[in-house]
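What follows is the content of protein.pdb (PDB, C-alpha atoms, pLDDT in the B column).
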```
MODEL        1
ATOM      1  CA  MET A   1      38.891-114.030 -42.992  1.00 84.00           C
ATOM      2  CA  LYS A   2      36.210-116.680 -42.355  1.00 89.00           C
ATOM      3  CA  ASN A   3      34.442-118.417 -45.210  1.00 93.00           C
ATOM      4  CA  ARG A   4      31.908-121.146 -46.010  1.00 94.00           C
ATOM      5  CA  LEU A   5      34.009-122.939 -48.620  1.00 96.00           C
ATOM      6  CA  ARG A   6      34.224-126.254 -46.778  1.00 95.00           C
ATOM      7  CA  VAL A   7      30.425-126.372 -46.317  1.00 95.00           C
ATOM      8  CA  LEU A   8      29.708-125.403 -49.936  1.00 96.00           C
ATOM      9  CA  ARG A   9      32.176-128.026 -51.163  1.00 96.00           C
ATOM     10  CA  ALA A  10      30.691-130.726 -48.890  1.00 95.00           C
ATOM     11  CA  GLU A  11      27.171-129.908 -50.147  1.00 95.00           C
ATOM     12  CA  ARG A  12      28.324-130.734 -53.661  1.00 96.00           C
ATOM     13  CA  ASP A  13      30.244-133.797 -52.498  1.00 96.00           C
ATOM     14  CA  TRP A  14      33.485-132.510 -54.034  1.00 96.00           C
ATOM     15  CA  SER A  15      36.952-133.352 -52.725  1.00 95.00           C
ATOM     16  CA  GLN A  16      39.532-130.582 -52.273  1.00 94.00           C
ATOM     17  CA  ALA A  17      41.166-131.858 -55.471  1.00 92.00           C
ATOM     18  CA  ASP A  18      37.825-131.562 -57.357  1.00 94.00           C
ATOM     19  CA  LEU A  19      37.401-127.953 -56.221  1.00 96.00           C
ATOM     20  CA  ALA A  20      41.051-127.188 -57.017  1.00 93.00           C
ATOM     21  CA  ASP A  21      40.570-128.512 -60.576  1.00 91.00           C
ATOM     22  CA  ARG A  22      37.401-126.450 -61.066  1.00 94.00           C
ATOM     23  CA  LEU A  23      39.118-123.274 -59.827  1.00 94.00           C
ATOM     24  CA  GLY A  24      42.396-123.936 -61.631  1.00 90.00           C
ATOM     25  CA  VAL A  25      44.466-123.792 -58.416  1.00 91.00           C
ATOM     26  CA  SER A  26      46.446-126.353 -56.399  1.00 89.00           C
ATOM     27  CA  ARG A  27      44.882-128.523 -53.694  1.00 91.00           C
ATOM     28  CA  GLN A  28      47.186-126.833 -51.175  1.00 91.00           C
ATOM     29  CA  THR A  29      45.596-123.495 -52.081  1.00 94.00           C
ATOM     30  CA  VAL A  30      42.055-124.855 -51.594  1.00 96.00           C
ATOM     31  CA  ASN A  31      43.103-126.165 -48.182  1.00 95.00           C
ATOM     32  CA  ALA A  32      44.717-122.843 -47.183  1.00 95.00           C
ATOM     33  CA  LEU A  33      41.552-120.993 -48.297  1.00 96.00           C
ATOM     34  CA  GLU A  34      39.261-123.325 -46.319  1.00 96.00           C
ATOM     35  CA  THR A  35      41.308-123.047 -43.130  1.00 94.00           C
ATOM     36  CA  GLY A  36      41.399-119.253 -43.479  1.00 93.00           C
ATOM     37  CA  LYS A  37      45.203-119.194 -43.674  1.00 93.00           C
ATOM     38  CA  TYR A  38      45.137-117.511 -47.055  1.00 95.00           C
ATOM     39  CA  ASP A  39      42.747-114.847 -48.361  1.00 94.00           C
ATOM     40  CA  PRO A  40      42.121-115.115 -52.114  1.00 96.00           C
ATOM     41  CA  SER A  41      42.803-112.307 -54.563  1.00 96.00           C
ATOM     42  CA  LEU A  42      39.720-110.492 -55.852  1.00 96.00           C
ATOM     43  CA  PRO A  43      39.761-112.380 -59.222  1.00 96.00           C
ATOM     44  CA  LEU A  44      39.962-115.758 -57.421  1.00 96.00           C
ATOM     45  CA  ALA A  45      37.211-114.705 -54.979  1.00 96.00           C
ATOM     46  CA  PHE A  46      34.994-113.891 -57.995  1.00 96.00           C
ATOM     47  CA  ARG A  47      35.789-117.267 -59.594  1.00 96.00           C
ATOM     48  CA  ILE A  48      34.798-118.997 -56.334  1.00 97.00           C
ATOM     49  CA  ALA A  49      31.571-116.952 -56.100  1.00 97.00           C
ATOM     50  CA  ARG A  50      30.629-117.730 -59.756  1.00 96.00           C
ATOM     51  CA  LEU A  51      31.370-121.432 -59.272  1.00 97.00           C
ATOM     52  CA  PHE A  52      29.002-121.689 -56.292  1.00 96.00           C
ATOM     53  CA  GLY A  53      26.451-119.265 -57.786  1.00 96.00           C
ATOM     54  CA  GLN A  54      26.614-116.911 -54.796  1.00 95.00           C
ATOM     55  CA  SER A  55      27.992-113.452 -54.081  1.00 95.00           C
ATOM     56  CA  ILE A  56      31.409-112.964 -52.492  1.00 95.00           C
ATOM     57  CA  GLU A  57      29.763-111.614 -49.302  1.00 93.00           C
ATOM     58  CA  GLU A  58      27.654-114.777 -48.991  1.00 93.00           C
ATOM     59  CA  ILE A  59      30.817-116.909 -48.977  1.00 95.00           C
ATOM     60  CA  PHE A  60      33.431-114.734 -47.247  1.00 94.00           C
ATOM     61  CA  GLU A  61      33.020-112.905 -43.978  1.00 89.00           C
ATOM     62  CA  PRO A  62      35.491-110.163 -43.019  1.00 84.00           C
ATOM     63  CA  ASP A  63      37.611-110.445 -39.891  1.00 79.00           C
ATOM     64  CA  PRO A  64      35.524-109.338 -36.845  1.00 78.00           C
ATOM     65  CA  ALA A  65      38.500-107.251 -35.684  1.00 78.00           C
ATOM     66  CA  ASP A  66      38.347-105.103 -38.834  1.00 76.00           C
ATOM     67  CA  PRO A  67      35.944-102.205 -38.037  1.00 74.00           C
ATOM     68  CA  ILE A  68      36.107-100.655 -41.517  1.00 76.00           C
ATOM     69  CA  ALA A  69      34.982-103.897 -43.192  1.00 72.00           C
ATOM     70  CA  HIS A  70      31.931-104.022 -40.901  1.00 69.00           C
ATOM     71  CA  GLY A  71      30.913-100.381 -41.238  1.00 67.00           C
ATOM     72  CA  PRO A  72      29.796 -98.025 -38.423  1.00 64.00           C
TER      73      PRO A  72
ATOM     74  CA  MET B   1      46.734-137.692 -64.577  1.00 46.00           C
ATOM     75  CA  ASN B   2      45.744-139.897 -61.615  1.00 56.00           C
ATOM     76  CA  ILE B   3      49.235-139.818 -60.114  1.00 57.00           C
ATOM     77  CA  ARG B   4      49.137-136.045 -60.442  1.00 56.00           C
ATOM     78  CA  ARG B   5      45.873-135.824 -58.480  1.00 56.00           C
ATOM     79  CA  GLU B   6      47.003-138.310 -55.866  1.00 51.00           C
ATOM     80  CA  TYR B   7      49.956-136.127 -54.950  1.00 53.00           C
ATOM     81  CA  GLY B   8      47.750-133.009 -54.958  1.00 50.00           C
ATOM     82  CA  MET B   9      49.754-131.439 -57.759  1.00 59.00           C
ATOM     83  CA  ASN B  10      48.279-129.072 -60.255  1.00 69.00           C
ATOM     84  CA  ARG B  11      49.231-129.043 -63.901  1.00 74.00           C
ATOM     85  CA  ALA B  12      51.871-126.318 -63.379  1.00 79.00           C
ATOM     86  CA  ALA B  13      53.787-128.314 -60.764  1.00 82.00           C
ATOM     87  CA  TRP B  14      53.587-131.447 -62.897  1.00 86.00           C
ATOM     88  CA  SER B  15      55.109-129.806 -65.992  1.00 89.00           C
ATOM     89  CA  TYR B  16      57.745-128.131 -63.824  1.00 90.00           C
ATOM     90  CA  MET B  17      58.800-131.482 -62.354  1.00 91.00           C
ATOM     91  CA  ARG B  18      59.153-132.943 -65.848  1.00 93.00           C
ATOM     92  CA  GLU B  19      61.057-129.962 -67.298  1.00 94.00           C
ATOM     93  CA  PHE B  20      63.297-129.492 -64.247  1.00 94.00           C
ATOM     94  CA  GLY B  21      63.979-133.238 -64.089  1.00 95.00           C
ATOM     95  CA  ALA B  22      64.992-133.292 -67.769  1.00 96.00           C
ATOM     96  CA  ALA B  23      67.361-130.334 -67.227  1.00 95.00           C
ATOM     97  CA  MET B  24      68.937-132.024 -64.180  1.00 94.00           C
ATOM     98  CA  LEU B  25      69.345-135.258 -66.132  1.00 96.00           C
ATOM     99  CA  GLY B  26      71.113-133.237 -68.838  1.00 96.00           C
ATOM    100  CA  TYR B  27      73.364-131.689 -66.190  1.00 95.00           C
ATOM    101  CA  CYS B  28      74.275-135.122 -64.784  1.00 95.00           C
ATOM    102  CA  ILE B  29      75.343-136.217 -68.288  1.00 96.00           C
ATOM    103  CA  VAL B  30      77.111-133.009 -69.439  1.00 95.00           C
ATOM    104  CA  LEU B  31      79.134-132.420 -66.251  1.00 94.00           C
ATOM    105  CA  PRO B  32      81.110-135.711 -66.112  1.00 94.00           C
ATOM    106  CA  VAL B  33      81.558-135.743 -69.919  1.00 94.00           C
ATOM    107  CA  SER B  34      83.012-132.195 -69.911  1.00 94.00           C
ATOM    108  CA  ILE B  35      85.319-133.005 -66.968  1.00 93.00           C
ATOM    109  CA  VAL B  36      86.660-136.171 -68.650  1.00 94.00           C
ATOM    110  CA  ILE B  37      87.260-134.394 -71.992  1.00 94.00           C
ATOM    111  CA  ILE B  38      88.955-131.389 -70.318  1.00 93.00           C
ATOM    112  CA  GLN B  39      91.225-133.654 -68.261  1.00 93.00           C
ATOM    113  CA  ALA B  40      92.229-135.538 -71.414  1.00 93.00           C
ATOM    114  CA  ASN B  41      92.956-132.249 -73.287  1.00 90.00           C
ATOM    115  CA  PRO B  42      94.195-129.825 -70.611  1.00 88.00           C
ATOM    116  CA  HIS B  43      95.754-127.365 -73.105  1.00 91.00           C
ATOM    117  CA  ALA B  44      93.127-127.251 -75.863  1.00 89.00           C
ATOM    118  CA  ALA B  45      91.748-123.772 -76.626  1.00 89.00           C
ATOM    119  CA  TRP B  46      88.150-125.076 -76.615  1.00 90.00           C
ATOM    120  CA  ARG B  47      88.459-126.186 -72.979  1.00 90.00           C
ATOM    121  CA  VAL B  48      87.041-122.757 -71.972  1.00 91.00           C
ATOM    122  CA  PRO B  49      83.626-123.114 -73.695  1.00 92.00           C
ATOM    123  CA  LEU B  50      83.592-126.799 -72.716  1.00 93.00           C
ATOM    124  CA  ALA B  51      84.150-125.863 -69.055  1.00 93.00           C
ATOM    125  CA  LEU B  52      81.011-123.708 -69.333  1.00 94.00           C
ATOM    126  CA  ALA B  53      78.926-126.512 -70.921  1.00 95.00           C
ATOM    127  CA  PRO B  54      77.290-127.584 -67.591  1.00 94.00           C
ATOM    128  CA  VAL B  55      75.863-124.054 -67.332  1.00 95.00           C
ATOM    129  CA  ILE B  56      73.566-124.792 -70.315  1.00 96.00           C
ATOM    130  CA  PRO B  57      71.432-127.467 -68.556  1.00 96.00           C
ATOM    131  CA  ALA B  58      71.566-125.344 -65.373  1.00 95.00           C
ATOM    132  CA  ALA B  59      70.157-122.400 -67.364  1.00 96.00           C
ATOM    133  CA  LEU B  60      67.437-124.718 -68.748  1.00 96.00           C
ATOM    134  CA  ALA B  61      66.545-125.642 -65.151  1.00 95.00           C
ATOM    135  CA  LEU B  62      66.270-121.926 -64.323  1.00 95.00           C
ATOM    136  CA  TRP B  63      64.062-121.429 -67.394  1.00 95.00           C
ATOM    137  CA  ALA B  64      61.814-124.294 -66.214  1.00 95.00           C
ATOM    138  CA  TYR B  65      61.514-122.550 -62.836  1.00 94.00           C
ATOM    139  CA  VAL B  66      60.608-119.205 -64.437  1.00 94.00           C
ATOM    140  CA  ARG B  67      57.937-120.990 -66.540  1.00 93.00           C
ATOM    141  CA  PHE B  68      56.651-122.603 -63.333  1.00 92.00           C
ATOM    142  CA  LEU B  69      56.461-119.189 -61.621  1.00 92.00           C
ATOM    143  CA  ASN B  70      54.326-117.918 -64.490  1.00 92.00           C
ATOM    144  CA  ARG B  71      51.956-120.890 -64.384  1.00 90.00           C
ATOM    145  CA  MET B  72      51.541-121.482 -60.643  1.00 90.00           C
ATOM    146  CA  ASP B  73      48.573-120.197 -58.658  1.00 92.00           C
ATOM    147  CA  GLU B  74      48.616-117.097 -56.458  1.00 94.00           C
ATOM    148  CA  LEU B  75      49.321-118.837 -53.137  1.00 95.00           C
ATOM    149  CA  GLN B  76      52.170-120.868 -54.627  1.00 93.00           C
ATOM    150  CA  ARG B  77      53.597-117.640 -56.055  1.00 94.00           C
ATOM    151  CA  ARG B  78      53.438-116.000 -52.646  1.00 95.00           C
ATOM    152  CA  ILE B  79      55.238-118.994 -51.086  1.00 95.00           C
ATOM    153  CA  GLN B  80      57.920-118.736 -53.762  1.00 95.00           C
ATOM    154  CA  LEU B  81      58.319-115.004 -53.113  1.00 96.00           C
ATOM    155  CA  GLU B  82      58.957-115.706 -49.421  1.00 96.00           C
ATOM    156  CA  ALA B  83      61.335-118.579 -50.267  1.00 96.00           C
ATOM    157  CA  LEU B  84      63.294-116.491 -52.793  1.00 96.00           C
ATOM    158  CA  ALA B  85      63.516-113.560 -50.368  1.00 97.00           C
ATOM    159  CA  LEU B  86      64.956-115.863 -47.710  1.00 97.00           C
ATOM    160  CA  ALA B  87      67.322-117.588 -50.159  1.00 97.00           C
ATOM    161  CA  SER B  88      68.705-114.478 -51.867  1.00 97.00           C
ATOM    162  CA  GLY B  89      68.868-112.427 -48.671  1.00 97.00           C
ATOM    163  CA  SER B  90      70.633-115.044 -46.592  1.00 97.00           C
ATOM    164  CA  THR B  91      72.965-116.070 -49.454  1.00 98.00           C
ATOM    165  CA  ALA B  92      73.976-112.425 -49.811  1.00 97.00           C
ATOM    166  CA  LEU B  93      74.591-112.005 -46.075  1.00 98.00           C
ATOM    167  CA  LEU B  94      76.434-115.337 -45.700  1.00 97.00           C
ATOM    168  CA  THR B  95      78.776-114.800 -48.671  1.00 97.00           C
ATOM    169  CA  PHE B  96      79.305-111.157 -47.660  1.00 97.00           C
ATOM    170  CA  SER B  97      80.186-112.260 -44.096  1.00 98.00           C
ATOM    171  CA  TYR B  98      82.530-114.970 -45.319  1.00 97.00           C
ATOM    172  CA  GLY B  99      84.307-112.416 -47.513  1.00 96.00           C
ATOM    173  CA  PHE B 100      85.144-110.457 -44.360  1.00 97.00           C
ATOM    174  CA  LEU B 101      86.262-113.628 -42.597  1.00 97.00           C
ATOM    175  CA  GLU B 102      88.675-114.333 -45.471  1.00 97.00           C
ATOM    176  CA  ASN B 103      90.300-110.982 -44.614  1.00 96.00           C
ATOM    177  CA  VAL B 104      91.212-112.383 -41.195  1.00 97.00           C
ATOM    178  CA  GLY B 105      92.701-115.644 -42.444  1.00 96.00           C
ATOM    179  CA  PHE B 106      89.764-117.976 -43.162  1.00 97.00           C
ATOM    180  CA  PRO B 107      90.502-120.269 -46.148  1.00 97.00           C
ATOM    181  CA  HIS B 108      89.467-118.969 -49.571  1.00 96.00           C
ATOM    182  CA  LEU B 109      86.339-120.701 -50.899  1.00 96.00           C
ATOM    183  CA  SER B 110      85.453-121.128 -54.579  1.00 95.00           C
ATOM    184  CA  LEU B 111      82.536-119.108 -55.998  1.00 94.00           C
ATOM    185  CA  ILE B 112      81.076-122.432 -57.209  1.00 92.00           C
ATOM    186  CA  TRP B 113      79.568-122.896 -53.700  1.00 94.00           C
ATOM    187  CA  VAL B 114      77.296-119.852 -54.028  1.00 95.00           C
ATOM    188  CA  LEU B 115      74.728-121.622 -56.250  1.00 93.00           C
ATOM    189  CA  PRO B 116      74.390-124.801 -54.116  1.00 94.00           C
ATOM    190  CA  LEU B 117      74.108-122.609 -50.992  1.00 96.00           C
ATOM    191  CA  MET B 118      71.372-120.537 -52.612  1.00 96.00           C
ATOM    192  CA  VAL B 119      69.476-123.604 -53.882  1.00 94.00           C
ATOM    193  CA  ALA B 120      69.660-125.254 -50.438  1.00 96.00           C
ATOM    194  CA  LEU B 121      68.353-122.087 -48.752  1.00 97.00           C
ATOM    195  CA  TRP B 122      65.618-121.781 -51.389  1.00 95.00           C
ATOM    196  CA  GLY B 123      64.514-125.366 -50.649  1.00 94.00           C
ATOM    197  CA  LEU B 124      64.518-124.597 -46.922  1.00 96.00           C
ATOM    198  CA  GLY B 125      62.627-121.351 -47.561  1.00 95.00           C
ATOM    199  CA  SER B 126      59.996-123.163 -49.685  1.00 94.00           C
ATOM    200  CA  ALA B 127      59.459-125.723 -46.919  1.00 94.00           C
ATOM    201  CA  LEU B 128      59.184-123.038 -44.205  1.00 95.00           C
ATOM    202  CA  ALA B 129      56.895-120.755 -46.237  1.00 94.00           C
ATOM    203  CA  GLY B 130      54.753-123.724 -47.401  1.00 92.00           C
ATOM    204  CA  ARG B 131      54.259-124.892 -43.809  1.00 92.00           C
ATOM    205  CA  LYS B 132      52.592-121.612 -42.867  1.00 91.00           C
ATOM    206  CA  TYR B 133      49.716-122.348 -45.278  1.00 91.00           C
ATOM    207  CA  ARG B 134      49.260-126.052 -44.483  1.00 85.00           C
TER     208      ARG B 134
ENDMDL
END
```
Target format structure tokens, applied to this file:
Amino acid sequence: MKNRLRVLRAERDWSQADLADRLGVSRQTVNALETGKYDPSLPLAFRIARLFGQSIEEIFEPDPADPIAHGP
Amino acid sequence: MNIRREYGMNRAAWSYMREFGAAMLGYCIVLPVSIVIIQANPHAAWRVPLALAPVIPAALALWAYVRFLNRMDELQRRIQLEALALASGSTALLTFSYGFLENVGFPHLSLIWVLPLMVALWGLGSALAGRKYR
């Protein structure tokens, strides 16, 4: 799943460790989220969305190969 | 606090390192002391509970790990699930296999090697699972 985390973090001039502290997760987890290697749980996705003041859909974009996520 | 951030550790990992380290330190003290006392009193009735004394710090280390599991974040928990699956599954298969080999003349090995084998495989599993998300 693609996401705009790295851009949103850079806009606020936060390091991965800063974002990790604000989300209450490890820096490794922030890195895995940014590189798309790990998809967050729904509660973590909501925490991320609240932190950046955006909706989940504005931050995360479903996999292009998933037809159901994109609708008909 | 700064050291913690420098190594990219969250609070959960930091407390785990402290608690696990304290338990291991306890183990390193209790084990030689119990061995020396048992060797000096080989026929004492209390040698049985004393022989089990090193299990207490080992159990504290396990408790520290369980606390860590409850405090870590979701990705770390997933990595630990994969590491534990690899460690318990391969320990089971390896010890099971060796049991059959003993039937055909391989030397008998003490059960004491099961724990170190499992811990080593768990460490390997953590490294392998962690690498996938780097």
Residues in the PyMOL selection byres ((chain B and resi 35) around 12), expressed as a list in words: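 That selection, the PyMOL selection byres ((chain B and resi 35) around 12), comes back as Cys28, Ile29, Val30, Leu31, Pro32, Val33, Ser34, Val36, Ile37, Ile38, Gln39, Ala40, Asn41, Pro42, Arg47, Val48, Leu50, Ala51, Leu52, Ala53 and Pro54 of chain B.
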Among the residues B:Phe100, B:Trp122, B:Phe106, B:Tyr65, the one that comes closest to Ala83 (chain B) [using only C-alpha atoms]: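 Comparing B:Phe100, B:Trp122, B:Phe106, B:Tyr65 against Ala83 (chain B), the winner is B:Trp122.
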Residue neighbourhood Glu34 (chain A), 12 Å, only C-alpha atoms, exclusion window fewer than 4 positions, as a list of chain:residue names: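 Near neighbours after the sequence-gap exclusion: A:Met1, A:Lys2, A:Asn3, A:Arg4, A:Leu5, A:Arg6, A:Val7, A:Leu8, A:Arg9, A:Ala10, A:Gln16, A:Leu19, A:Ala20, A:Arg27, A:Gln28, A:Thr29, A:Val30, A:Tyr38, A:Asp39, A:Pro40, A:Ile48, A:Ile59, A:Phe60, B:Tyr133, B:Arg134.
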Interface, chain A side, toward chain B (6 Å; only C-alpha atoms) as a list in words: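 Every residue of chain A that passes the 6 Å test is in Val25, Ser26, Arg27, Ala32 and Lys37 of chain A.
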Straight-line distance linking CA of Leu23 (chain A) with CA of Gln54 (chain A), stated in Å to one decimal: 14.9 Å
